[in-house]
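Everything below belongs to data39.cif, which stores mmCIF, C-alpha atoms.
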data_my_file
loop_
_atom_site.label_atom_id
_atom_site.label_comp_id
_atom_site.auth_asym_id
_atom_site.auth_seq_id
_atom_site.Cartn_x
_atom_site.Cartn_y
_atom_site.Cartn_z
CA ALA A 1 66.35 45.88 125.00
CA HIS A 2 69.35 48.19 125.51
CA PRO A 3 69.62 50.61 128.45
CA LEU A 4 70.99 53.32 126.15
CA PRO A 5 69.90 54.23 122.61
CA LEU A 6 73.60 54.61 121.77
CA LEU A 7 74.03 50.85 121.99
CA SER A 8 71.10 50.21 119.67
CA GLU A 9 72.53 52.72 117.21
CA GLY A 10 75.87 50.90 117.16
CA ILE A 11 77.81 53.80 118.69
CA THR A 12 80.86 52.97 120.78
CA ILE A 13 80.54 54.19 124.35
CA ALA A 14 82.93 54.41 127.27
CA ARG A 15 81.35 53.64 130.61
CA CYS A 16 82.49 55.74 133.54
CA GLY A 17 82.04 54.82 137.15
CA ALA A 18 83.68 53.62 140.30
CA ALA A 19 86.94 51.71 139.99
CA ASP A 20 85.52 48.75 141.92
CA GLU A 21 82.86 48.43 139.19
CA GLY A 22 85.46 48.14 136.45
CA GLY A 23 85.17 51.76 135.39
CA LYS A 24 87.07 55.00 135.88
CA PRO A 25 85.95 58.50 136.84
CA ALA A 26 84.62 60.55 133.95
CA LYS A 27 87.28 63.19 134.49
CA ASP A 28 90.05 60.62 134.00
CA ALA A 29 88.39 59.22 130.88
CA LEU A 30 88.13 62.69 129.33
CA GLN A 31 91.76 63.52 130.05
CA GLU A 32 92.88 60.26 128.43
CA LEU A 33 90.67 60.67 125.36
CA ARG A 34 91.87 64.22 124.64
CA PRO A 35 88.81 65.03 122.48
CA ALA A 36 88.90 67.56 119.64
CA LEU A 37 85.28 68.44 120.43
CA LEU A 38 83.36 67.99 123.66
CA VAL A 39 79.56 68.13 123.52
CA MET A 40 77.95 67.89 126.95
CA ASP A 41 74.30 67.70 127.91
CA VAL A 42 73.13 69.64 130.97
CA PHE A 43 71.79 66.42 132.54
CA PRO A 44 72.50 65.27 135.10
CA PHE A 45 75.69 66.08 137.01
CA GLY A 46 78.41 67.52 134.81
CA LEU A 47 77.64 71.18 135.40
CA ARG A 48 78.32 71.34 139.11
CA ASP A 49 80.16 68.24 140.23
CA GLU A 50 83.15 66.21 139.13
CA LEU A 51 83.30 67.37 135.49
CA GLU A 52 83.31 71.14 135.99
CA HIS A 53 87.02 71.35 136.82
CA THR A 54 87.94 68.95 134.00
CA VAL A 55 85.87 70.84 131.41
CA ARG A 56 87.54 74.09 132.42
CA ARG A 57 91.00 72.57 131.77
CA LEU A 58 90.26 70.84 128.45
CA ARG A 59 91.93 72.59 125.47
CA CYS A 60 89.32 71.78 122.85
CA ALA A 61 86.12 73.15 121.37
CA LYS A 62 83.27 72.75 123.85
CA ALA A 63 79.51 72.92 123.29
CA LEU A 64 76.80 72.65 125.94
CA VAL A 65 73.40 71.26 124.92
CA CYS A 66 70.82 73.09 127.00
CA ARG A 67 67.40 71.86 128.02
CA HIS A 68 65.03 73.50 130.46
CA LEU A 69 66.07 72.95 134.09
CA ARG A 70 64.28 73.25 137.39
CA GLU A 71 65.64 75.45 140.13
CA PRO A 72 68.21 75.66 141.63
CA TYR A 73 69.96 74.15 138.60
CA ALA A 74 68.68 76.79 136.18
CA SER A 75 70.28 79.53 138.28
CA ALA A 76 73.60 77.67 138.29
CA LEU A 77 73.68 77.29 134.52
CA PRO A 78 75.18 80.69 133.53
CA ALA A 79 78.25 80.19 135.74
CA ALA A 80 78.80 76.63 134.54
CA ALA A 81 78.23 77.56 130.89
CA ALA A 82 81.12 80.03 131.03
CA HIS A 83 83.51 77.10 130.54
CA PHE A 84 82.04 76.35 127.08
CA ASP A 85 82.32 78.06 123.70
CA ILE A 86 78.66 77.87 122.69
CA VAL A 87 75.29 76.77 124.06
CA LEU A 88 72.96 74.80 121.80
CA CYS A 89 69.41 75.38 123.03
CA ALA A 90 66.80 72.76 122.20
CA GLU A 91 64.47 74.43 124.72
CA THR A 92 64.12 77.93 126.15
CA PRO A 93 67.35 78.76 128.03
CA PRO A 94 67.56 80.73 131.27
CA PRO A 95 68.54 84.41 130.94
CA GLY A 96 72.05 85.68 131.42
CA LEU A 97 74.10 83.07 129.57
CA PRO A 98 77.57 84.64 129.13
CA LEU A 99 78.38 83.20 125.67
CA PRO A 100 76.85 82.68 122.20
CA VAL A 101 73.51 80.88 122.22
CA LEU A 102 72.27 79.01 119.15
CA ASP A 103 68.66 77.86 118.94
CA CYS A 104 68.31 74.36 117.51
CA SER A 105 65.48 71.92 117.10
CA PRO A 106 65.28 68.97 119.53
CA VAL A 107 67.70 66.18 118.70
CA LEU A 108 65.73 63.08 117.70
CA LEU A 109 66.80 59.53 116.95
CA ARG A 110 65.39 59.70 113.40
CA ASP A 111 64.93 62.40 110.77
CA ALA A 112 61.50 62.91 109.20
CA SER A 113 62.59 61.08 106.04
CA GLU A 114 63.44 57.98 108.10
CA LEU A 115 60.00 57.58 109.68
CA LEU A 116 57.56 54.94 108.51
CA SER A 117 54.51 56.12 106.62
CA ARG A 118 51.12 55.80 108.29
CA SER A 119 50.25 52.67 106.31
CA GLU A 120 53.66 51.08 106.97
CA ALA A 121 53.50 51.87 110.68
CA ARG A 122 49.98 50.54 111.08
CA GLU A 123 50.88 47.34 109.27
CA LEU A 124 53.69 46.74 111.77
CA ILE A 125 51.39 47.69 114.64
CA GLY A 126 48.76 45.25 113.38
CA ALA A 127 45.95 47.79 113.18
CA GLY A 128 43.02 47.69 110.78
CA PRO A 129 42.37 50.55 108.34
CA ASP A 130 39.77 52.26 110.54
CA GLN A 131 40.94 50.98 113.94
CA PRO A 132 42.07 53.66 116.42
CA VAL A 133 45.59 53.07 117.74
CA VAL A 134 46.38 54.10 121.32
CA VAL A 135 49.95 53.85 122.64
CA ALA A 136 50.73 54.34 126.34
CA VAL A 137 54.38 54.81 127.37
CA CYS A 138 55.79 54.54 130.89
CA THR A 139 59.34 54.21 132.25
CA GLN A 140 58.53 54.98 135.90
CA GLY A 141 58.78 51.51 137.42
CA GLU A 142 56.47 48.52 137.73
CA THR A 143 53.90 49.91 140.17
CA HIS A 144 53.40 53.20 138.33
CA THR A 145 53.41 51.38 134.99
CA CYS A 146 50.74 48.96 136.15
CA ASP A 147 48.54 51.75 137.53
CA LEU A 148 48.81 53.89 134.39
CA PHE A 149 48.28 51.05 131.93
CA SER A 150 45.32 49.67 133.90
CA LEU A 151 43.71 53.12 133.94
CA VAL A 152 44.25 53.59 130.20
CA ALA A 153 42.86 50.11 129.53
CA ARG A 154 39.66 50.85 131.45
CA ILE A 155 39.17 54.16 129.66
CA VAL A 156 39.77 52.62 126.23
CA GLN A 157 37.31 49.82 126.98
CA ARG A 158 34.69 52.45 127.73
CA LEU A 159 35.42 54.90 124.93
CA SER A 160 36.50 52.70 122.02
CA PRO A 161 36.40 48.95 122.69
CA HIS A 162 37.65 48.11 119.18
CA ALA A 163 40.81 50.25 119.49
CA ARG A 164 44.25 48.74 119.10
CA VAL A 165 46.05 49.39 122.42
CA LEU A 166 49.82 49.08 122.79
CA TRP A 167 52.01 49.33 125.90
CA ALA A 168 55.62 50.53 125.75
CA SER A 169 57.67 50.14 128.92
CA PRO A 170 60.74 48.39 130.32
CA SER A 171 58.57 47.43 133.34
CA MET A 172 55.87 45.16 131.93
CA ASP A 173 56.12 42.21 134.31
CA GLU A 174 53.62 43.39 136.93
CA PHE A 175 51.10 44.61 134.36
CA SER A 176 51.34 41.33 132.43
CA ARG A 177 49.90 39.57 135.48
CA THR A 178 46.71 41.68 135.54
CA PRO A 179 43.47 40.80 133.69
CA LEU A 180 43.57 44.16 131.89
CA HIS A 181 46.77 43.10 130.11
CA SER A 182 44.50 41.33 127.61
CA VAL A 183 43.13 44.72 126.51
CA GLY A 184 46.36 45.47 124.61
CA CYS A 185 49.79 44.08 123.88
CA PRO A 186 53.40 45.13 124.52
CA LEU A 187 55.18 47.23 121.92
CA SER A 188 58.91 46.54 121.63
CA HIS A 189 59.76 48.36 118.40
CA TYR A 190 62.92 50.49 118.52
CA PRO A 191 62.82 53.42 118.19
CA LEU A 192 59.18 54.16 118.95
CA LEU A 193 59.52 57.38 116.95
CA GLU A 194 59.50 55.37 113.70
CA LEU A 195 55.92 54.22 114.36
CA LEU A 196 54.33 57.46 115.52
CA ASN A 197 52.81 58.30 112.12
CA GLY A 198 50.53 55.31 112.63
CA VAL A 199 49.38 56.28 116.15
CA ASP A 200 46.10 58.11 116.81
CA LEU A 201 46.70 58.86 120.50
CA LEU A 202 49.89 58.83 122.56
CA ILE A 203 49.83 58.87 126.36
CA GLY A 204 52.86 59.31 128.62
CA ALA A 205 55.02 61.58 130.73
CA SER A 206 56.26 64.85 129.25
CA GLY A 207 59.92 63.92 129.27
CA TYR A 208 62.22 65.51 126.72
CA ASN A 209 62.30 62.57 124.30
CA LEU A 210 58.65 61.54 124.18
CA PHE A 211 57.39 65.12 124.17
CA SER A 212 59.78 66.18 121.41
CA GLU A 213 58.98 63.15 119.29
CA ALA A 214 55.23 63.66 119.59
CA ARG A 215 55.55 67.33 118.68
CA ALA A 216 57.84 66.61 115.73
CA VAL A 217 55.47 64.06 114.22
CA GLY A 218 52.26 65.87 115.20
CA VAL A 219 50.63 62.86 116.85
CA PRO A 220 47.78 63.74 119.26
CA ALA A 221 49.02 63.23 122.80
CA VAL A 222 47.97 63.46 126.43
CA PHE A 223 50.88 64.13 128.78
CA ILE A 224 51.14 63.30 132.46
CA PRO A 225 54.01 65.40 133.88
CA LEU A 226 56.10 63.68 136.54
CA PRO A 227 58.20 65.33 139.27
CA ARG A 228 61.90 65.17 138.46
CA ARG A 229 65.00 66.51 140.21
CA TYR A 230 66.35 68.32 137.15
CA ASP A 231 63.74 68.07 134.41
CA ASP A 232 60.76 70.47 134.49
CA GLN A 233 58.09 68.30 132.88
CA ALA A 234 55.24 70.57 133.96
CA TRP A 235 56.90 73.51 132.20
CA ARG A 236 57.46 71.48 129.05
CA ALA A 237 53.83 70.39 128.82
CA SER A 238 52.37 73.79 129.69
CA SER A 239 51.17 74.34 126.12
CA ALA A 240 50.00 70.74 125.57
CA THR A 241 47.08 68.60 126.68
CA VAL A 242 47.81 67.56 130.26
CA ALA A 243 46.06 65.14 132.61
CA ASP A 244 46.68 65.40 136.35
CA SER A 245 43.96 62.97 137.50
CA PRO A 246 42.13 59.87 136.22
CA GLU A 247 39.10 62.02 135.43
CA ALA A 248 41.21 64.49 133.47
CA LEU A 249 42.85 61.64 131.52
CA ALA A 250 39.47 60.15 130.61
CA HIS A 251 38.19 63.56 129.50
CA ALA A 252 41.31 64.28 127.43
CA MET A 253 41.21 60.88 125.75
#
Exercise: express the given structure as structure tokens:
Amino acid sequence: AHPLPLLSEGITIARCGAADEGGKPAKDALQELRPALLVMDVFPFGLRDELEHTVRRLRCAKALVCRHLREPYASALPAAAAHFDIVLCAETPPPGLPLPVLDCSPVLLRDASELLSRSEARELIGAGPDQPVVVAVCTQGETHTCDLFSLVARIVQRLSPHARVLWASPSMDEFSRTPLHSVGCPLSHYPLLELLNGVDLLIGASGYNLFSEARAVGVPAVFIPLPRRYDDQAWRASSATVADSPEALAHAM
């Protein structure tokens, strides 16, 4: 229900934006806060735009969390990273970073000990003991969500009519008006990661969060990489099961 996981986790946030929207530029907020530690993610704008000058002037410890970037942003990373003390790499970094690099596992919303067991997850999902559970995830907008969920519903009806099918998306309105909506039901549990031990097949884009969560839990997954300005989803899913067409998705499922 919240636009940011931080809100659901009860973490105080400061919104930055245009003054006419009741906010203030991020650079002004940082200068007022005077942090003892600044941890910045490479997404989406801080490396090259308004924050670069501010980061350079801050007199505090600074860490950059690095994920894989598409060009030309990957080539710009070494110069921008020079303003930090360390780079924490959750994915393979570009070469030539001019400061210490520390490999770390992807940051997830829950540790392994906090996940539900398979039986607990399936009870919440409402699945029978031997019923396959398929979860499709989409955050791309109503039209794309409707197309993907309708395709998955048709394939599930053909392959395993008795499967328990769940849809996770902030854009369910259009799909809820289609006849195929009756094939499954919306999944609103937060965070989805808690339930993945009870899932038999996960389908969705290979974004950082969903991909990392699936890999961490070991749930079988079919990824559909989407074009992004910064995020290289095709690179991320290069070692996973990928579907780039309806036929490929049906075969993979």
Item checked: A:Ala240, A:Met40, A:Ala234, A:Ala214 ranked by distance to Leu69 in chain A, top pick (using only C-alpha atoms) ->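 Smallest distance to Leu69 in chain A is found for A:Ala234.
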Val217 in chain A surroundings by all atoms listed in the file, 12 Å radius, close-in-sequence under 6 positions cut, as a PDB file with C-alpha atoms, in the frame of the given file:
ATOM      1  CA  LEU A 108      65.730  63.080 117.700  1.00  0.00           C
ATOM      2  CA  ARG A 110      65.390  59.700 113.400  1.00  0.00           C
ATOM      3  CA  ASP A 111      64.930  62.400 110.770  1.00  0.00           C
ATOM      4  CA  ALA A 112      61.500  62.910 109.200  1.00  0.00           C
ATOM      5  CA  SER A 113      62.590  61.080 106.040  1.00  0.00           C
ATOM      6  CA  GLU A 114      63.440  57.980 108.100  1.00  0.00           C
ATOM      7  CA  LEU A 115      60.000  57.580 109.680  1.00  0.00           C
ATOM      8  CA  LEU A 116      57.560  54.940 108.510  1.00  0.00           C
ATOM      9  CA  SER A 117      54.510  56.120 106.620  1.00  0.00           C
ATOM     10  CA  ARG A 118      51.120  55.800 108.290  1.00  0.00           C
ATOM     11  CA  LEU A 192      59.180  54.160 118.950  1.00  0.00           C
ATOM     12  CA  LEU A 193      59.520  57.380 116.950  1.00  0.00           C
ATOM     13  CA  GLU A 194      59.500  55.370 113.700  1.00  0.00           C
ATOM     14  CA  LEU A 195      55.920  54.220 114.360  1.00  0.00           C
ATOM     15  CA  LEU A 196      54.330  57.460 115.520  1.00  0.00           C
ATOM     16  CA  ASN A 197      52.810  58.300 112.120  1.00  0.00           C
ATOM     17  CA  GLY A 198      50.530  55.310 112.630  1.00  0.00           C
ATOM     18  CA  VAL A 199      49.380  56.280 116.150  1.00  0.00           C
ATOM     19  CA  ASP A 200      46.100  58.110 116.810  1.00  0.00           C
ATOM     20  CA  LEU A 201      46.700  58.860 120.500  1.00  0.00           C
ATOM     21  CA  LEU A 202      49.890  58.830 122.560  1.00  0.00           C
ATOM     22  CA  LEU A 210      58.650  61.540 124.180  1.00  0.00           C
ATOM     23  CA  PHE A 211      57.390  65.120 124.170  1.00  0.00           C
TER      24      PHE A 211
END
Next item on the list: For a cut-off of 10 Å around (53.0, 45.5, 139.7), file coordinates, pick out all residues using all atoms listed in the file and list them as a ChimeraX atom specification.
Entry: /A:141-147,171-178
Next item on the list: Could you give me, as a ChimeraX atom specification, the residues that have an atom at most 9 Å away from the point (67.7, 71.4, 115.6) in the coordinates of the file, using all atoms listed in the file?
Entry: /A:88-90,103-108
Check: Nearest to Leu124 in chain A among A:Leu180, A:His189, A:Leu148, A:Cys138, with distances taken over only C-alpha atoms: which residue is it?
Finding: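 Closest candidate: A:His189.
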Margin query: Under the PyMOL selection byres ((chain A and resi 74) around 12), which residues of this model are included? Write them out as a PyMOL selection string.
Written below: chain A and resi 42-43+47-48+66-73+75-81+92-97+229-232
Using all atoms listed in the file, what does the table of range 180-225 of chain A residues within 10 Å of range 151-161 of chain A look like, with each row giving the shortest atom pair and its distance in Å to one decimal, sorted by chain and ascending number, as a tab-separated table?
residue	atom	partner	partner_atom	distance
A:Leu180	CA	A:Ala153	CA	6.4
A:His181	CA	A:Ala153	CA	8.0
A:Ser182	CA	A:Ala153	CA	9.1
A:Val183	CA	A:Ala153	CA	6.2
A:Gly184	CA	A:Ala153	CA	7.6
A:Ile203	CA	A:Val152	CA	8.6
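The space between CA of Ala163 in chain A and CA of Val134 in chain A spans 7.0 Å.
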